[in-house]
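One structure is given below, encoded as structure tokens.
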Amino acid sequence: MAVKLCVIGDSITGGVVYRDDAARYVKCKESFVNLLAAALGMDVHNHSRFGCTSTAALERLGRYERDIADCDWTLVMLGGNDCDFDWPAVGADPDAPHECNTPIERFRGIYGELLDRIIAAGGRPIAMNPIPVFGRRYFRWISRRADAKGVMRFLGSTDTIEHWNEMYAIAVLREAAARNVPILDARSAFLFRRRFDPYFSADGIHPSAEGHRRLYEYLLPQLKRILGCESLFQPGAAC
């Protein structure tokens, strides 16, 4: 019988890439989720939404609870949109205090509550950490609609974007580890590469088609190990 996988995430688990030739976002047929499903014969119920934050996912979770209970596992990938800012507002007034979409402590609380509610609904969560941001490329992208000098005054360096994003990846790992929830390390798929250029779309946040292929190759053995210990897993106990 095929393993049923419920997916709760954002546009990255939704398979979105940016196509330069079309100048728009499109769905990648060979997304890493689709490739994993094909390789492992999984029945995937994908509830990913473009721009989804942890808050939005928690608000909508009730709609998915039947699916969560029916599926063998529920993959959760969130954080990328939570750590983002209103860049036009930042650029217009860089010296003002600005909060990202979900401040880090609030994100930790919401993400932990998401995992707890999945378990309470009869599901078995798998936490996937957010992939890195390609800081220089993302800065060029947001500068198309925000004052670049103002944004840079706020940031100090494009490295700040990457470090800020990393805090949310660490938060995911901590909340998952606190509950003995299995982890898919997606972030390292890119960190092991010296150059990010081929693996990211023009916006610096969505993987390219090659990036989805890289994710699939890196995550496949990890997911196999998780599925291989399926019968041993109990919520709140180590797999």
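Every chain in the structure tokens takes a letter, A first, then B, and so on in the order presented; its residues are numbered from 1, and the ligands are numbered from 1 following the presented order.
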Legend entry - Residue set, segment 105-232 of chain A restricted to alpha helix (DSSP H), as a PyMOL selection string: chain A and resi 105-120+135-142+148-155+159-178+188-191+209-228
Inset, instruction - Could you please write out, as number ranges by chain, every residue of segment 1-234 of chain A that DSSP assigns to strand (DSSP E or B)? - result: A: 4-9, 16-19, 24-27, 43-46, 73-77, 125-128, 183-184, 200, 207
Keeping only N, CA and C atoms, write the selected residues as a CSV table (one decimal), in the first residue's frame.
chain,number,residue,atom,x,y,z
A,4,LYS,N,0.9,7.5,2.4
A,4,LYS,CA,0.2,8.7,2.2
A,4,LYS,C,0.9,9.8,2.9
A,5,LEU,N,1.2,10.9,2.1
A,5,LEU,CA,2.0,12.0,2.7
A,5,LEU,C,1.1,13.3,2.6
A,6,CYS,N,0.8,13.9,3.7
A,6,CYS,CA,0.2,15.2,3.7
A,6,CYS,C,1.3,16.3,3.7
A,7,VAL,N,1.1,17.3,2.9
A,7,VAL,CA,2.2,18.4,2.9
A,7,VAL,C,1.5,19.7,3.3
A,8,ILE,N,2.1,20.4,4.3
A,8,ILE,CA,1.6,21.7,4.7
A,8,ILE,C,2.9,22.6,4.5
A,9,GLY,N,2.8,23.6,3.6
A,9,GLY,CA,3.9,24.4,3.4
A,9,GLY,C,3.6,25.6,2.5
A,16,VAL,N,6.8,25.8,-6.9
A,16,VAL,CA,6.9,27.1,-7.6
A,16,VAL,C,8.3,27.5,-8.0
A,17,VAL,N,8.5,27.9,-9.3
A,17,VAL,CA,9.8,28.4,-9.7
A,17,VAL,C,9.4,29.7,-10.5
A,18,TYR,N,10.4,30.6,-10.7
A,18,TYR,CA,10.3,31.8,-11.5
A,18,TYR,C,10.9,31.5,-12.8
A,19,ARG,N,10.1,31.7,-13.9
A,19,ARG,CA,10.6,31.5,-15.3
A,19,ARG,C,11.0,32.9,-15.8
A,24,ARG,N,7.3,35.2,-15.0
A,24,ARG,CA,6.2,34.9,-14.0
A,24,ARG,C,6.5,33.6,-13.2
A,25,TYR,N,5.8,33.4,-12.2
A,25,TYR,CA,5.9,32.2,-11.4
A,25,TYR,C,5.1,31.1,-12.0
A,26,VAL,N,5.6,29.9,-12.0
A,26,VAL,CA,4.9,28.7,-12.6
A,26,VAL,C,5.2,27.5,-11.7
A,27,LYS,N,4.4,26.5,-11.9
A,27,LYS,CA,4.6,25.3,-11.2
A,27,LYS,C,5.6,24.4,-11.9
A,43,ASP,N,1.5,8.6,-2.1
A,43,ASP,CA,0.2,9.3,-2.5
A,43,ASP,C,0.3,10.6,-1.7
A,44,VAL,N,0.5,11.7,-2.4
A,44,VAL,CA,0.8,13.0,-1.8
A,44,VAL,C,-0.5,13.9,-1.8
A,45,HIS,N,-0.8,14.4,-0.7
A,45,HIS,CA,-1.9,15.4,-0.5
A,45,HIS,C,-1.3,16.7,-0.2
A,46,ASN,N,-1.1,17.5,-1.2
A,46,ASN,CA,-0.3,18.8,-1.1
A,46,ASN,C,-1.2,20.0,-0.8
A,73,TRP,N,2.0,10.3,7.2
A,73,TRP,CA,2.9,11.3,7.6
A,73,TRP,C,2.4,12.7,7.2
A,74,THR,N,2.8,13.7,7.9
A,74,THR,CA,2.5,15.1,7.5
A,74,THR,C,3.8,15.9,7.5
A,75,LEU,N,4.2,16.3,6.3
A,75,LEU,CA,5.4,17.1,6.1
A,75,LEU,C,5.1,18.6,6.3
A,76,VAL,N,5.9,19.3,7.1
A,76,VAL,CA,5.7,20.7,7.4
A,76,VAL,C,6.9,21.5,7.0
A,77,MET,N,6.8,22.4,6.1
A,77,MET,CA,7.9,23.3,5.7
A,77,MET,C,7.4,24.7,5.7
A,125,PRO,N,4.0,14.1,12.3
A,125,PRO,CA,4.7,15.2,11.5
A,125,PRO,C,6.2,14.9,11.2
A,126,ILE,N,6.6,15.4,10.1
A,126,ILE,CA,8.0,15.5,9.7
A,126,ILE,C,8.3,17.0,9.5
A,127,ALA,N,9.3,17.5,10.2
A,127,ALA,CA,9.7,18.9,10.1
A,127,ALA,C,10.8,19.0,9.0
A,128,MET,N,10.6,20.0,8.1
A,128,MET,CA,11.6,20.3,7.1
A,128,MET,C,12.0,21.7,7.3
A,183,ILE,N,13.2,14.9,11.2
A,183,ILE,CA,13.6,16.1,10.5
A,183,ILE,C,14.1,15.8,9.1
A,184,LEU,N,13.7,16.5,8.1
A,184,LEU,CA,14.3,16.5,6.8
A,184,LEU,C,15.1,17.8,6.7
A,200,PHE,N,18.9,28.5,-7.8
A,200,PHE,CA,17.9,29.4,-7.4
A,200,PHE,C,17.3,30.2,-8.6
A,207,PRO,N,13.7,27.8,-5.4
A,207,PRO,CA,14.6,26.9,-6.2
A,207,PRO,C,14.3,27.0,-7.7
Inset, instruction - Excluding Ala57 of chain A and any residue of its chain fewer than 5 positions from it, enumerate the residues within 12 Å of it, using only C-alpha atoms, and give them as an NGL selection string. - result: :A and (7-10 or 47-52 or 62-65 or 76-79 or 81-82 or 107 or 110-111 or 113-115 or 117-118)
Restricting it to N, CA and C atoms, dump the selection as a PDB file, in the first residue's frame.
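Generated output (part-v2.pdb):
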ATOM      1  N   VAL A   7       1.136  17.338   2.938  1.00  0.00           N
ATOM      2  CA  VAL A   7       2.154  18.395   2.910  1.00  0.00           C
ATOM      3  C   VAL A   7       1.504  19.721   3.287  1.00  0.00           C
ATOM      4  N   ILE A   8       2.074  20.379   4.275  1.00  0.00           N
ATOM      5  CA  ILE A   8       1.647  21.719   4.679  1.00  0.00           C
ATOM      6  C   ILE A   8       2.856  22.625   4.535  1.00  0.00           C
ATOM      7  N   GLY A   9       2.775  23.578   3.615  1.00  0.00           N
ATOM      8  CA  GLY A   9       3.934  24.418   3.374  1.00  0.00           C
ATOM      9  C   GLY A   9       3.611  25.617   2.516  1.00  0.00           C
ATOM     10  N   ASP A  10       4.655  26.178   1.941  1.00  0.00           N
ATOM     11  CA  ASP A  10       4.522  27.387   1.133  1.00  0.00           C
ATOM     12  C   ASP A  10       4.776  27.066  -0.336  1.00  0.00           C
ATOM     13  N   HIS A  47      -1.066  20.526   0.414  1.00  0.00           N
ATOM     14  CA  HIS A  47      -1.852  21.697   0.800  1.00  0.00           C
ATOM     15  C   HIS A  47      -0.993  22.960   0.855  1.00  0.00           C
ATOM     16  N   SER A  48       0.099  22.975   0.118  1.00  0.00           N
ATOM     17  CA  SER A  48       0.989  24.132   0.102  1.00  0.00           C
ATOM     18  C   SER A  48       0.298  25.330  -0.546  1.00  0.00           C
ATOM     19  N   ARG A  49       0.628  26.524  -0.023  1.00  0.00           N
ATOM     20  CA  ARG A  49       0.038  27.752  -0.536  1.00  0.00           C
ATOM     21  C   ARG A  49       1.124  28.812  -0.707  1.00  0.00           C
ATOM     22  N   PHE A  50       1.050  29.520  -1.820  1.00  0.00           N
ATOM     23  CA  PHE A  50       2.009  30.589  -2.103  1.00  0.00           C
ATOM     24  C   PHE A  50       1.911  31.646  -0.995  1.00  0.00           C
ATOM     25  N   GLY A  51       3.058  32.022  -0.425  1.00  0.00           N
ATOM     26  CA  GLY A  51       3.096  33.055   0.604  1.00  0.00           C
ATOM     27  C   GLY A  51       2.674  32.597   1.983  1.00  0.00           C
ATOM     28  N   CYS A  52       2.490  31.312   2.189  1.00  0.00           N
ATOM     29  CA  CYS A  52       1.978  30.810   3.465  1.00  0.00           C
ATOM     30  C   CYS A  52       2.964  31.064   4.608  1.00  0.00           C
ATOM     31  N   GLY A  62      -7.484  23.322  10.622  1.00  0.00           N
ATOM     32  CA  GLY A  62      -8.723  22.580  10.806  1.00  0.00           C
ATOM     33  C   GLY A  62      -9.264  21.998   9.518  1.00  0.00           C
ATOM     34  N   ARG A  63      -8.986  22.662   8.401  1.00  0.00           N
ATOM     35  CA  ARG A  63      -9.464  22.169   7.105  1.00  0.00           C
ATOM     36  C   ARG A  63      -8.730  20.897   6.677  1.00  0.00           C
ATOM     37  N   TYR A  64      -7.551  20.680   7.255  1.00  0.00           N
ATOM     38  CA  TYR A  64      -6.723  19.550   6.827  1.00  0.00           C
ATOM     39  C   TYR A  64      -6.705  18.409   7.825  1.00  0.00           C
ATOM     40  N   GLU A  65      -7.389  18.548   8.949  1.00  0.00           N
ATOM     41  CA  GLU A  65      -7.238  17.567  10.018  1.00  0.00           C
ATOM     42  C   GLU A  65      -7.676  16.169   9.602  1.00  0.00           C
ATOM     43  N   VAL A  76       5.880  19.271   7.133  1.00  0.00           N
ATOM     44  CA  VAL A  76       5.661  20.690   7.412  1.00  0.00           C
ATOM     45  C   VAL A  76       6.908  21.464   7.022  1.00  0.00           C
ATOM     46  N   MET A  77       6.768  22.402   6.081  1.00  0.00           N
ATOM     47  CA  MET A  77       7.878  23.287   5.724  1.00  0.00           C
ATOM     48  C   MET A  77       7.386  24.730   5.736  1.00  0.00           C
ATOM     49  N   LEU A  78       7.809  25.475   6.747  1.00  0.00           N
ATOM     50  CA  LEU A  78       7.404  26.866   6.911  1.00  0.00           C
ATOM     51  C   LEU A  78       8.586  27.667   7.465  1.00  0.00           C
ATOM     52  N   GLY A  79       8.491  28.969   7.378  1.00  0.00           N
ATOM     53  CA  GLY A  79       9.538  29.831   7.924  1.00  0.00           C
ATOM     54  C   GLY A  79      10.043  30.860   6.938  1.00  0.00           C
ATOM     55  N   ASN A  81       8.499  32.600   4.588  1.00  0.00           N
ATOM     56  CA  ASN A  81       7.658  33.800   4.511  1.00  0.00           C
ATOM     57  C   ASN A  81       7.537  34.491   5.865  1.00  0.00           C
ATOM     58  N   ASP A  82       7.685  33.725   6.936  1.00  0.00           N
ATOM     59  CA  ASP A  82       7.608  34.308   8.270  1.00  0.00           C
ATOM     60  C   ASP A  82       8.724  35.318   8.509  1.00  0.00           C
ATOM     61  N   PHE A 107       7.115  32.900  16.081  1.00  0.00           N
ATOM     62  CA  PHE A 107       7.219  31.796  15.124  1.00  0.00           C
ATOM     63  C   PHE A 107       7.458  30.476  15.853  1.00  0.00           C
ATOM     64  N   ILE A 110       4.187  29.297  17.408  1.00  0.00           N
ATOM     65  CA  ILE A 110       3.193  28.848  16.428  1.00  0.00           C
ATOM     66  C   ILE A 110       3.633  27.543  15.786  1.00  0.00           C
ATOM     67  N   TYR A 111       4.919  27.458  15.431  1.00  0.00           N
ATOM     68  CA  TYR A 111       5.410  26.236  14.783  1.00  0.00           C
ATOM     69  C   TYR A 111       5.266  25.039  15.730  1.00  0.00           C
ATOM     70  N   GLU A 113       3.089  24.762  18.120  1.00  0.00           N
ATOM     71  CA  GLU A 113       1.662  24.458  18.226  1.00  0.00           C
ATOM     72  C   GLU A 113       1.174  23.680  17.001  1.00  0.00           C
ATOM     73  N   LEU A 114       1.690  24.011  15.840  1.00  0.00           N
ATOM     74  CA  LEU A 114       1.338  23.263  14.631  1.00  0.00           C
ATOM     75  C   LEU A 114       1.703  21.789  14.775  1.00  0.00           C
ATOM     76  N   LEU A 115       2.925  21.524  15.226  1.00  0.00           N
ATOM     77  CA  LEU A 115       3.350  20.136  15.406  1.00  0.00           C
ATOM     78  C   LEU A 115       2.471  19.431  16.434  1.00  0.00           C
ATOM     79  N   ARG A 117      -0.623  20.099  17.276  1.00  0.00           N
ATOM     80  CA  ARG A 117      -1.973  19.865  16.771  1.00  0.00           C
ATOM     81  C   ARG A 117      -2.012  18.762  15.720  1.00  0.00           C
ATOM     82  N   ILE A 118      -0.958  18.629  14.944  1.00  0.00           N
ATOM     83  CA  ILE A 118      -0.886  17.523  13.983  1.00  0.00           C
ATOM     84  C   ILE A 118      -0.877  16.193  14.733  1.00  0.00           C
TER      85      ILE A 118
END
Determine, using only C-alpha atoms, which residues of segment 81-191 of chain A have any atom at most 8 Å from an atom of segment 211-216 of chain A, and tabulate each with its shortest atom pair and distance in Å to one decimal place, rows ordered by chain and then rising number, as a tab-separated table.
residue	atom	partner	partner_atom	distance
A:Ala186	CA	A:Leu215	CA	6.5
A:Ala189	CA	A:Leu215	CA	6.0
A:Phe190	CA	A:Arg214	CA	7.9
For the residues selected in the previous step, produce a file with C-alpha atoms as an mmCIF file, in the first residue's frame.
data_model
loop_
_atom_site.group_PDB
_atom_site.id
_atom_site.type_symbol
_atom_site.label_atom_id
_atom_site.label_comp_id
_atom_site.auth_asym_id
_atom_site.auth_seq_id
_atom_site.Cartn_x
_atom_site.Cartn_y
_atom_site.Cartn_z
ATOM 1 C CA ALA A 186 16.653 20.560 3.175
ATOM 2 C CA ALA A 189 21.289 20.455 0.174
ATOM 3 C CA PHE A 190 22.386 23.946 -0.843
#
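Shortest atom-to-atom contact with Lys149 of chain A among A:Trp87, A:Phe196, A:Trp164, A:Phe134: A:Trp87, counting only C-alpha atoms.
Shortest separation to Gly80 of chain A among A:Ile161, A:Val3, A:Cys28, A:Ala96 occurs at residue A:Ile161, atoms counted being only C-alpha atoms.
Of the residues listed (A:Glu105, A:Asp185, A:Glu59, A:Asp203), A:Asp185 shows the shortest atom-to-atom separation from Leu219 of chain A; distances use only C-alpha atoms.
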Within 9 Å of Ala89 of chain A, counting only C-alpha atoms, which residues show up once you throw out same-chain ones fewer than 4 positions away? Write them as a PDB file with C-alpha atoms, in the first residue's frame, please.
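The resulting file, out.pdb, is shown below:
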ATOM      1  CA  PHE A  85       9.759  42.043   5.706  1.00  0.00           C
ATOM      2  CA  ASP A  93      11.973  54.597   6.271  1.00  0.00           C
ATOM      3  CA  PRO A  94      14.985  52.407   7.074  1.00  0.00           C
ATOM      4  CA  HIS A  98      10.362  47.180  11.440  1.00  0.00           C
ATOM      5  CA  ALA A 146      11.732  49.075  -2.809  1.00  0.00           C
TER       6      ALA A 146
END
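Each of A:Gly112, A:Gly204, A:Pro182, A:Pro88 was compared to Leu223 of chain A using only C-alpha atoms, and A:Pro182 turns out to be the nearest.
Excluding Ala121 of chain A itself and same-chain residues fewer than 2 positions from it, the residues having an atom within 9 Å of it are Glu65, Arg66, Ile68, Ala69, Asp116, Arg117, Ile118, Ile119, Gly123 and Arg124 of chain A, counting only C-alpha atoms.
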Legend entry - For Phe192 of chain A, the nearest of the candidates A:Arg153, A:Tyr218, A:Arg225, A:Asp84, counting only C-alpha atoms: A:Tyr218
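Candidate residues A:Arg108, A:Arg195, A:Lys29, A:Arg136 were compared for distance to Glu162 of chain A, and the nearest is A:Arg136, using only C-alpha atoms.
We find atom CA of Ala148 of chain A and atom CA of Gly91 of chain A to be spaced 6.6 Å apart.
Interatomic distance, atom CA of Gly14 of chain A to atom CA of Thr158 of chain A: 26.4 Å.
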Legend entry - Separation of atom CA of Arg187 of chain A from atom CA of Leu35 of chain A in Å: 17.7 Å
